[in-house]
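Listing of coords_1.txt, compact mmCIF, N, CA and C atoms
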```
# COMPACT_ATOMS: atom_id res chain seq x y z
N MET K 1 -40.39 57.28 -60.58
CA MET K 1 -39.91 56.82 -59.29
C MET K 1 -39.53 55.35 -59.37
N LEU K 2 -39.20 54.81 -58.21
CA LEU K 2 -38.79 53.41 -58.13
C LEU K 2 -39.98 52.52 -57.79
N ASP K 3 -40.06 51.44 -58.47
CA ASP K 3 -41.13 50.49 -58.13
C ASP K 3 -40.55 49.46 -57.14
N GLU K 4 -41.36 48.52 -56.72
CA GLU K 4 -40.96 47.52 -55.72
C GLU K 4 -39.83 46.64 -56.24
N HIS K 5 -39.88 46.31 -57.48
CA HIS K 5 -38.85 45.45 -58.07
C HIS K 5 -37.47 46.12 -58.00
N ASP K 6 -37.40 47.41 -58.31
CA ASP K 6 -36.15 48.15 -58.26
C ASP K 6 -35.61 48.26 -56.83
N LYS K 7 -36.53 48.47 -55.88
CA LYS K 7 -36.12 48.57 -54.49
C LYS K 7 -35.51 47.26 -53.99
N GLU K 8 -36.11 46.14 -54.37
CA GLU K 8 -35.58 44.84 -53.97
C GLU K 8 -34.23 44.58 -54.61
N ASP K 9 -34.11 44.98 -55.86
CA ASP K 9 -32.84 44.81 -56.56
C ASP K 9 -31.73 45.63 -55.89
N ILE K 10 -32.04 46.82 -55.49
CA ILE K 10 -31.07 47.69 -54.81
C ILE K 10 -30.69 47.08 -53.46
N LYS K 11 -31.65 46.54 -52.72
CA LYS K 11 -31.37 45.91 -51.43
C LYS K 11 -30.44 44.70 -51.61
N LYS K 12 -30.69 43.89 -52.64
CA LYS K 12 -29.84 42.73 -52.90
C LYS K 12 -28.41 43.16 -53.21
N ARG K 13 -28.29 44.17 -54.03
CA ARG K 13 -26.95 44.64 -54.38
C ARG K 13 -26.22 45.22 -53.18
N LEU K 14 -26.93 45.93 -52.33
CA LEU K 14 -26.31 46.46 -51.11
C LEU K 14 -25.86 45.34 -50.19
N GLN K 15 -26.67 44.30 -50.08
CA GLN K 15 -26.28 43.15 -49.25
C GLN K 15 -25.04 42.47 -49.83
N GLU K 16 -24.99 42.31 -51.14
CA GLU K 16 -23.82 41.70 -51.77
C GLU K 16 -22.57 42.52 -51.51
N LEU K 17 -22.71 43.84 -51.60
CA LEU K 17 -21.57 44.71 -51.33
C LEU K 17 -21.13 44.62 -49.87
N ASP K 18 -22.09 44.54 -48.96
CA ASP K 18 -21.76 44.38 -47.55
C ASP K 18 -20.99 43.09 -47.30
N GLU K 19 -21.42 42.01 -47.94
CA GLU K 19 -20.74 40.72 -47.79
C GLU K 19 -19.32 40.79 -48.35
N LYS K 20 -19.16 41.44 -49.48
CA LYS K 20 -17.82 41.59 -50.06
C LYS K 20 -16.93 42.43 -49.14
N ASP K 21 -17.49 43.48 -48.56
CA ASP K 21 -16.72 44.29 -47.63
C ASP K 21 -16.28 43.48 -46.42
N LYS K 22 -17.19 42.66 -45.88
CA LYS K 22 -16.84 41.83 -44.73
C LYS K 22 -15.72 40.86 -45.09
N LYS K 23 -15.83 40.22 -46.24
CA LYS K 23 -14.78 39.30 -46.67
C LYS K 23 -13.45 40.02 -46.84
N TYR K 24 -13.51 41.23 -47.40
CA TYR K 24 -12.29 41.99 -47.60
C TYR K 24 -11.63 42.29 -46.27
N PHE K 25 -12.39 42.75 -45.30
CA PHE K 25 -11.79 43.11 -44.01
C PHE K 25 -11.28 41.88 -43.27
N ILE K 26 -11.97 40.77 -43.38
CA ILE K 26 -11.48 39.54 -42.74
C ILE K 26 -10.18 39.11 -43.40
N ASN K 27 -10.12 39.10 -44.72
CA ASN K 27 -8.89 38.72 -45.42
C ASN K 27 -7.77 39.71 -45.16
N LYS K 28 -8.12 40.99 -45.05
CA LYS K 28 -7.11 42.01 -44.77
C LYS K 28 -6.48 41.76 -43.41
N ASP K 29 -7.29 41.40 -42.41
CA ASP K 29 -6.76 41.11 -41.09
C ASP K 29 -5.83 39.90 -41.13
N LYS K 30 -6.20 38.89 -41.90
CA LYS K 30 -5.34 37.71 -42.02
C LYS K 30 -4.01 38.07 -42.68
N LYS K 31 -4.06 38.91 -43.70
CA LYS K 31 -2.82 39.33 -44.36
C LYS K 31 -1.94 40.11 -43.40
N ASP K 32 -2.54 40.96 -42.59
CA ASP K 32 -1.76 41.74 -41.63
C ASP K 32 -1.07 40.82 -40.63
N VAL K 33 -1.77 39.79 -40.16
CA VAL K 33 -1.16 38.85 -39.23
C VAL K 33 0.00 38.13 -39.89
N LYS K 34 -0.19 37.72 -41.15
CA LYS K 34 0.88 37.05 -41.86
C LYS K 34 2.08 37.97 -42.06
N SER K 35 1.83 39.22 -42.38
CA SER K 35 2.95 40.13 -42.60
C SER K 35 3.69 40.40 -41.30
N VAL K 36 2.99 40.45 -40.17
CA VAL K 36 3.66 40.64 -38.89
C VAL K 36 4.53 39.43 -38.58
N LYS K 37 4.00 38.22 -38.81
CA LYS K 37 4.79 37.01 -38.57
C LYS K 37 6.00 36.97 -39.49
N TYR K 38 5.81 37.38 -40.74
CA TYR K 38 6.92 37.40 -41.69
C TYR K 38 8.00 38.36 -41.23
N LYS K 39 7.61 39.55 -40.76
CA LYS K 39 8.59 40.53 -40.30
C LYS K 39 9.34 40.02 -39.08
N GLU K 40 8.63 39.36 -38.15
CA GLU K 40 9.29 38.81 -36.97
C GLU K 40 10.29 37.73 -37.36
N THR K 41 9.91 36.87 -38.30
CA THR K 41 10.81 35.82 -38.76
C THR K 41 12.02 36.42 -39.45
N ALA K 42 11.80 37.42 -40.27
CA ALA K 42 12.91 38.07 -40.98
C ALA K 42 13.87 38.73 -40.00
N ASN K 43 13.34 39.39 -38.98
CA ASN K 43 14.21 40.02 -37.98
C ASN K 43 15.04 38.99 -37.24
N THR K 44 14.43 37.86 -36.89
CA THR K 44 15.16 36.80 -36.20
C THR K 44 16.27 36.24 -37.09
N LEU K 45 15.95 36.02 -38.36
CA LEU K 45 16.97 35.50 -39.27
C LEU K 45 18.13 36.48 -39.44
N ILE K 46 17.81 37.75 -39.50
CA ILE K 46 18.87 38.75 -39.63
C ILE K 46 19.76 38.74 -38.40
N LYS K 47 19.16 38.61 -37.22
CA LYS K 47 19.96 38.57 -36.00
C LYS K 47 20.90 37.37 -35.99
N TYR K 48 20.41 36.20 -36.41
CA TYR K 48 21.25 35.02 -36.42
C TYR K 48 22.27 35.04 -37.55
N THR K 49 21.96 35.65 -38.67
CA THR K 49 22.91 35.79 -39.76
C THR K 49 24.08 36.66 -39.32
N HIS K 50 23.80 37.65 -38.56
CA HIS K 50 24.83 38.55 -38.07
C HIS K 50 25.86 37.80 -37.25
N LEU K 51 25.46 36.74 -36.55
CA LEU K 51 26.41 35.97 -35.75
C LEU K 51 27.46 35.30 -36.63
N GLY K 52 27.04 34.70 -37.71
CA GLY K 52 27.99 34.05 -38.61
C GLY K 52 28.94 35.04 -39.26
N LEU K 53 28.40 36.18 -39.66
CA LEU K 53 29.24 37.20 -40.26
C LEU K 53 30.25 37.76 -39.26
N GLU K 54 29.82 37.93 -38.04
CA GLU K 54 30.71 38.44 -37.00
C GLU K 54 31.83 37.44 -36.73
N PHE K 55 31.49 36.15 -36.69
CA PHE K 55 32.50 35.12 -36.46
C PHE K 55 33.55 35.14 -37.57
N CYS K 56 33.12 35.21 -38.81
CA CYS K 56 34.05 35.25 -39.94
C CYS K 56 34.92 36.50 -39.91
N ALA K 57 34.33 37.62 -39.57
CA ALA K 57 35.09 38.88 -39.52
C ALA K 57 36.17 38.81 -38.45
N ILE K 58 35.83 38.31 -37.28
CA ILE K 58 36.82 38.20 -36.20
C ILE K 58 37.96 37.27 -36.63
N LEU K 59 37.60 36.14 -37.22
CA LEU K 59 38.61 35.18 -37.65
C LEU K 59 39.54 35.78 -38.71
N LEU K 60 38.98 36.49 -39.66
CA LEU K 60 39.81 37.10 -40.71
C LEU K 60 40.70 38.21 -40.16
N ILE K 61 40.17 39.00 -39.24
CA ILE K 61 40.99 40.07 -38.64
C ILE K 61 42.19 39.48 -37.91
N PHE K 62 41.94 38.43 -37.14
CA PHE K 62 43.04 37.80 -36.41
C PHE K 62 44.02 37.11 -37.37
N LEU K 63 43.51 36.51 -38.44
CA LEU K 63 44.37 35.86 -39.42
C LEU K 63 45.34 36.86 -40.04
N PHE K 64 44.80 37.96 -40.54
CA PHE K 64 45.66 38.94 -41.22
C PHE K 64 46.56 39.69 -40.23
N SER K 65 46.10 39.89 -39.01
CA SER K 65 46.96 40.51 -38.00
C SER K 65 48.13 39.59 -37.68
N GLY K 66 47.86 38.30 -37.51
CA GLY K 66 48.94 37.35 -37.23
C GLY K 66 49.91 37.24 -38.39
N LYS K 67 49.40 37.28 -39.60
CA LYS K 67 50.26 37.21 -40.78
C LYS K 67 51.15 38.45 -40.87
N TYR K 68 50.60 39.60 -40.56
CA TYR K 68 51.37 40.85 -40.59
C TYR K 68 52.48 40.83 -39.54
N ILE K 69 52.14 40.40 -38.33
CA ILE K 69 53.15 40.34 -37.27
C ILE K 69 54.24 39.32 -37.62
N ASP K 70 53.82 38.18 -38.23
CA ASP K 70 54.81 37.18 -38.65
C ASP K 70 55.80 37.75 -39.66
N THR K 71 55.32 38.55 -40.61
CA THR K 71 56.24 39.12 -41.59
C THR K 71 57.19 40.13 -40.95
N LYS K 72 56.72 40.86 -39.96
CA LYS K 72 57.58 41.86 -39.30
C LYS K 72 58.63 41.20 -38.40
N LEU K 73 58.27 40.09 -37.77
CA LEU K 73 59.20 39.43 -36.83
C LEU K 73 59.92 38.23 -37.44
N ASN K 74 59.63 37.91 -38.70
CA ASN K 74 60.22 36.75 -39.37
C ASN K 74 60.05 35.47 -38.55
N SER K 75 58.86 35.25 -38.06
CA SER K 75 58.60 34.05 -37.25
C SER K 75 57.67 33.08 -37.97
N ALA K 76 57.68 33.13 -39.28
CA ALA K 76 56.90 32.23 -40.16
C ALA K 76 55.47 32.03 -39.67
N PRO K 77 54.96 30.80 -39.57
CA PRO K 77 53.51 30.69 -39.36
C PRO K 77 53.07 30.68 -37.89
N TRP K 78 53.97 30.80 -36.94
CA TRP K 78 53.61 30.55 -35.54
C TRP K 78 52.67 31.59 -34.95
N ILE K 79 52.95 32.83 -35.13
CA ILE K 79 52.07 33.87 -34.57
C ILE K 79 50.73 33.88 -35.31
N MET K 80 50.78 33.64 -36.61
CA MET K 80 49.54 33.58 -37.38
C MET K 80 48.66 32.43 -36.88
N LEU K 81 49.26 31.26 -36.65
CA LEU K 81 48.49 30.13 -36.12
C LEU K 81 47.93 30.43 -34.73
N LEU K 82 48.74 31.06 -33.91
CA LEU K 82 48.28 31.45 -32.57
C LEU K 82 47.10 32.42 -32.67
N PHE K 83 47.21 33.40 -33.55
CA PHE K 83 46.13 34.36 -33.71
C PHE K 83 44.87 33.72 -34.30
N ILE K 84 45.03 32.75 -35.19
CA ILE K 84 43.86 32.04 -35.74
C ILE K 84 43.13 31.32 -34.62
N VAL K 85 43.88 30.65 -33.75
CA VAL K 85 43.25 29.94 -32.63
C VAL K 85 42.56 30.93 -31.70
N LEU K 86 43.25 32.03 -31.38
CA LEU K 86 42.64 33.06 -30.52
C LEU K 86 41.38 33.65 -31.18
N GLY K 87 41.45 33.93 -32.46
CA GLY K 87 40.30 34.47 -33.18
C GLY K 87 39.13 33.49 -33.19
N PHE K 88 39.43 32.21 -33.36
CA PHE K 88 38.38 31.19 -33.35
C PHE K 88 37.67 31.17 -32.00
N PHE K 89 38.44 31.15 -30.92
CA PHE K 89 37.80 31.09 -29.59
C PHE K 89 37.09 32.38 -29.24
N LEU K 90 37.63 33.51 -29.66
CA LEU K 90 36.94 34.79 -29.42
C LEU K 90 35.64 34.84 -30.21
N GLY K 91 35.68 34.39 -31.47
CA GLY K 91 34.46 34.35 -32.29
C GLY K 91 33.43 33.40 -31.70
N LEU K 92 33.88 32.24 -31.22
CA LEU K 92 32.98 31.29 -30.59
C LEU K 92 32.36 31.88 -29.32
N PHE K 93 33.18 32.57 -28.55
CA PHE K 93 32.68 33.23 -27.34
C PHE K 93 31.61 34.26 -27.68
N ARG K 94 31.84 35.06 -28.73
CA ARG K 94 30.86 36.08 -29.15
C ARG K 94 29.56 35.44 -29.61
N ILE K 95 29.65 34.30 -30.31
CA ILE K 95 28.45 33.61 -30.78
C ILE K 95 27.64 33.11 -29.60
N VAL K 96 28.30 32.49 -28.63
CA VAL K 96 27.60 31.97 -27.45
C VAL K 96 26.96 33.10 -26.66
N LYS K 97 27.69 34.19 -26.48
CA LYS K 97 27.16 35.34 -25.74
C LYS K 97 25.95 35.96 -26.46
N ALA K 98 26.06 36.15 -27.76
CA ALA K 98 24.96 36.74 -28.54
C ALA K 98 23.76 35.80 -28.58
N ALA K 99 24.01 34.50 -28.68
CA ALA K 99 22.89 33.55 -28.69
C ALA K 99 22.15 33.55 -27.37
N LYS K 100 22.86 33.69 -26.26
CA LYS K 100 22.22 33.79 -24.95
C LYS K 100 21.38 35.06 -24.86
N ASP K 101 21.93 36.17 -25.36
CA ASP K 101 21.18 37.43 -25.35
C ASP K 101 19.91 37.33 -26.21
N LEU K 102 20.02 36.72 -27.37
CA LEU K 102 18.85 36.56 -28.23
C LEU K 102 17.82 35.62 -27.63
N ALA K 103 18.30 34.59 -26.94
CA ALA K 103 17.37 33.65 -26.32
C ALA K 103 16.62 34.30 -25.16
N GLU K 104 17.26 35.20 -24.45
CA GLU K 104 16.60 35.89 -23.34
C GLU K 104 15.53 36.84 -23.85
N ASN K 105 15.77 37.44 -25.00
CA ASN K 105 14.77 38.37 -25.57
C ASN K 105 13.74 37.59 -26.29
```
Please render this file's structure as structure tokens.
Amino acid sequence: MLDEHDKEDIKKRLQELDEKDKKYFINKDKKDVKSVKYKETANTLIKYTHLGLEFCAILLIFLFSGKYIDTKLNSAPWIMLLFIVLGFFLGLFRIVKAAKDLAEN
């Protein structure tokens, strides 16, 4: 059977394991909080990155549309320049509108 010395040794080991378990769960909770903050930050960055990409896409669409119309009408750079300006202001409008929506959420 077990003598007193063995029983005390088992109790010490159980206490050590309990302490390790407590530390593990405390650290696990901290990691979960960090991962949630990381995910929130990543989602926010993705939302704001989308604004820049959308602005560039609008500007390029208007640029190539204006260039195409210029070649069909033989009006050199005028319609392309007009479309670039329109694309810039439309892209700027979309950025302001999306930023307001993101700020409200």
Tell me, in Å to one decimal, how far atom CA of Gly91 of chain K is from atom CA of Tyr48 of chain K.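 About the pair atom CA of Gly91 of chain K and atom CA of Tyr48 of chain K: they are 13.9 Å apart.
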Can you pull out every residue within 12 Å of Thr44 of chain K, counting only C-alpha atoms, but drop anything in the same chain fewer than 4 positions away, and send it as a ChimeraX atom specification? /K:37-40,48-51,99,102-103,105
Residues from the last selection, N, CA and C atoms, saved as a PDB file, in the coordinates of the input:
```
ATOM      1  N   LYS K  37       4.000  38.220 -38.810  1.00  0.00           N
ATOM      2  CA  LYS K  37       4.790  37.010 -38.570  1.00  0.00           C
ATOM      3  C   LYS K  37       6.000  36.970 -39.490  1.00  0.00           C
ATOM      4  N   TYR K  38       5.810  37.380 -40.740  1.00  0.00           N
ATOM      5  CA  TYR K  38       6.920  37.400 -41.690  1.00  0.00           C
ATOM      6  C   TYR K  38       8.000  38.360 -41.230  1.00  0.00           C
ATOM      7  N   LYS K  39       7.610  39.550 -40.760  1.00  0.00           N
ATOM      8  CA  LYS K  39       8.590  40.530 -40.300  1.00  0.00           C
ATOM      9  C   LYS K  39       9.340  40.020 -39.080  1.00  0.00           C
ATOM     10  N   GLU K  40       8.630  39.360 -38.150  1.00  0.00           N
ATOM     11  CA  GLU K  40       9.290  38.810 -36.970  1.00  0.00           C
ATOM     12  C   GLU K  40      10.290  37.730 -37.360  1.00  0.00           C
ATOM     13  N   TYR K  48      20.410  36.200 -36.410  1.00  0.00           N
ATOM     14  CA  TYR K  48      21.250  35.020 -36.420  1.00  0.00           C
ATOM     15  C   TYR K  48      22.270  35.040 -37.550  1.00  0.00           C
ATOM     16  N   THR K  49      21.960  35.650 -38.670  1.00  0.00           N
ATOM     17  CA  THR K  49      22.910  35.790 -39.760  1.00  0.00           C
ATOM     18  C   THR K  49      24.080  36.660 -39.320  1.00  0.00           C
ATOM     19  N   HIS K  50      23.800  37.650 -38.560  1.00  0.00           N
ATOM     20  CA  HIS K  50      24.830  38.550 -38.070  1.00  0.00           C
ATOM     21  C   HIS K  50      25.860  37.800 -37.250  1.00  0.00           C
ATOM     22  N   LEU K  51      25.460  36.740 -36.550  1.00  0.00           N
ATOM     23  CA  LEU K  51      26.410  35.970 -35.750  1.00  0.00           C
ATOM     24  C   LEU K  51      27.460  35.300 -36.630  1.00  0.00           C
ATOM     25  N   ALA K  99      24.010  34.500 -28.680  1.00  0.00           N
ATOM     26  CA  ALA K  99      22.890  33.550 -28.690  1.00  0.00           C
ATOM     27  C   ALA K  99      22.150  33.550 -27.370  1.00  0.00           C
ATOM     28  N   LEU K 102      20.020  36.720 -27.370  1.00  0.00           N
ATOM     29  CA  LEU K 102      18.850  36.560 -28.230  1.00  0.00           C
ATOM     30  C   LEU K 102      17.820  35.620 -27.630  1.00  0.00           C
ATOM     31  N   ALA K 103      18.300  34.590 -26.940  1.00  0.00           N
ATOM     32  CA  ALA K 103      17.370  33.650 -26.320  1.00  0.00           C
ATOM     33  C   ALA K 103      16.620  34.300 -25.160  1.00  0.00           C
ATOM     34  N   ASN K 105      15.770  37.440 -25.000  1.00  0.00           N
ATOM     35  CA  ASN K 105      14.770  38.370 -25.570  1.00  0.00           C
ATOM     36  C   ASN K 105      13.740  37.590 -26.290  1.00  0.00           C
TER      37      ASN K 105
END
```
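The two atoms in question, atom N of Gly87 of chain K and atom CA of Lys100 of chain K, are spaced 20.6 Å apart.
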How many Å separate atom CA of Cys56 of chain K from atom CA of Ile84 of chain K?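 According to the coordinates, atom CA of Cys56 of chain K and atom CA of Ile84 of chain K are separated by 11.1 Å.
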So, with only N, CA and C atoms as the atoms that count, which of K:Phe83, K:Ala42, K:Asp6, K:Asp18 lies closest to Ile61 of chain K?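 That would be K:Phe83, the residue with the smallest distance to Ile61 of chain K.
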Kindly provide, as a list in words, the polymer residues lying within 8 Å of (45.5, 37.6, -32.3), counting all atoms listed in the file and using the coordinates exactly as they appear in the file. Ile61, Phe62, Leu63, Ser65, Gly66, Ile79, Met80, Leu81, Leu82, Phe83, Ile84, Val85, Leu86 and Gly87 of chain K
Please determine an axis-aligned box that encloses all atoms of segment 49-54 of chain K listed in the file, with 5 Å added on each side, and express its centre and edge lengths in Å to one decimal as JSON.
```
{"center_x": 26.9, "center_y": 36.3, "center_z": -38.0, "size_x": 19.9, "size_y": 14.5, "size_z": 14.5}
```
Nearest to Arg94 of chain K, restricted to only N, CA and C atoms and choosing among K:Glu16, K:Glu4, K:Phe55, K:Asn43, comes out as K:Phe55
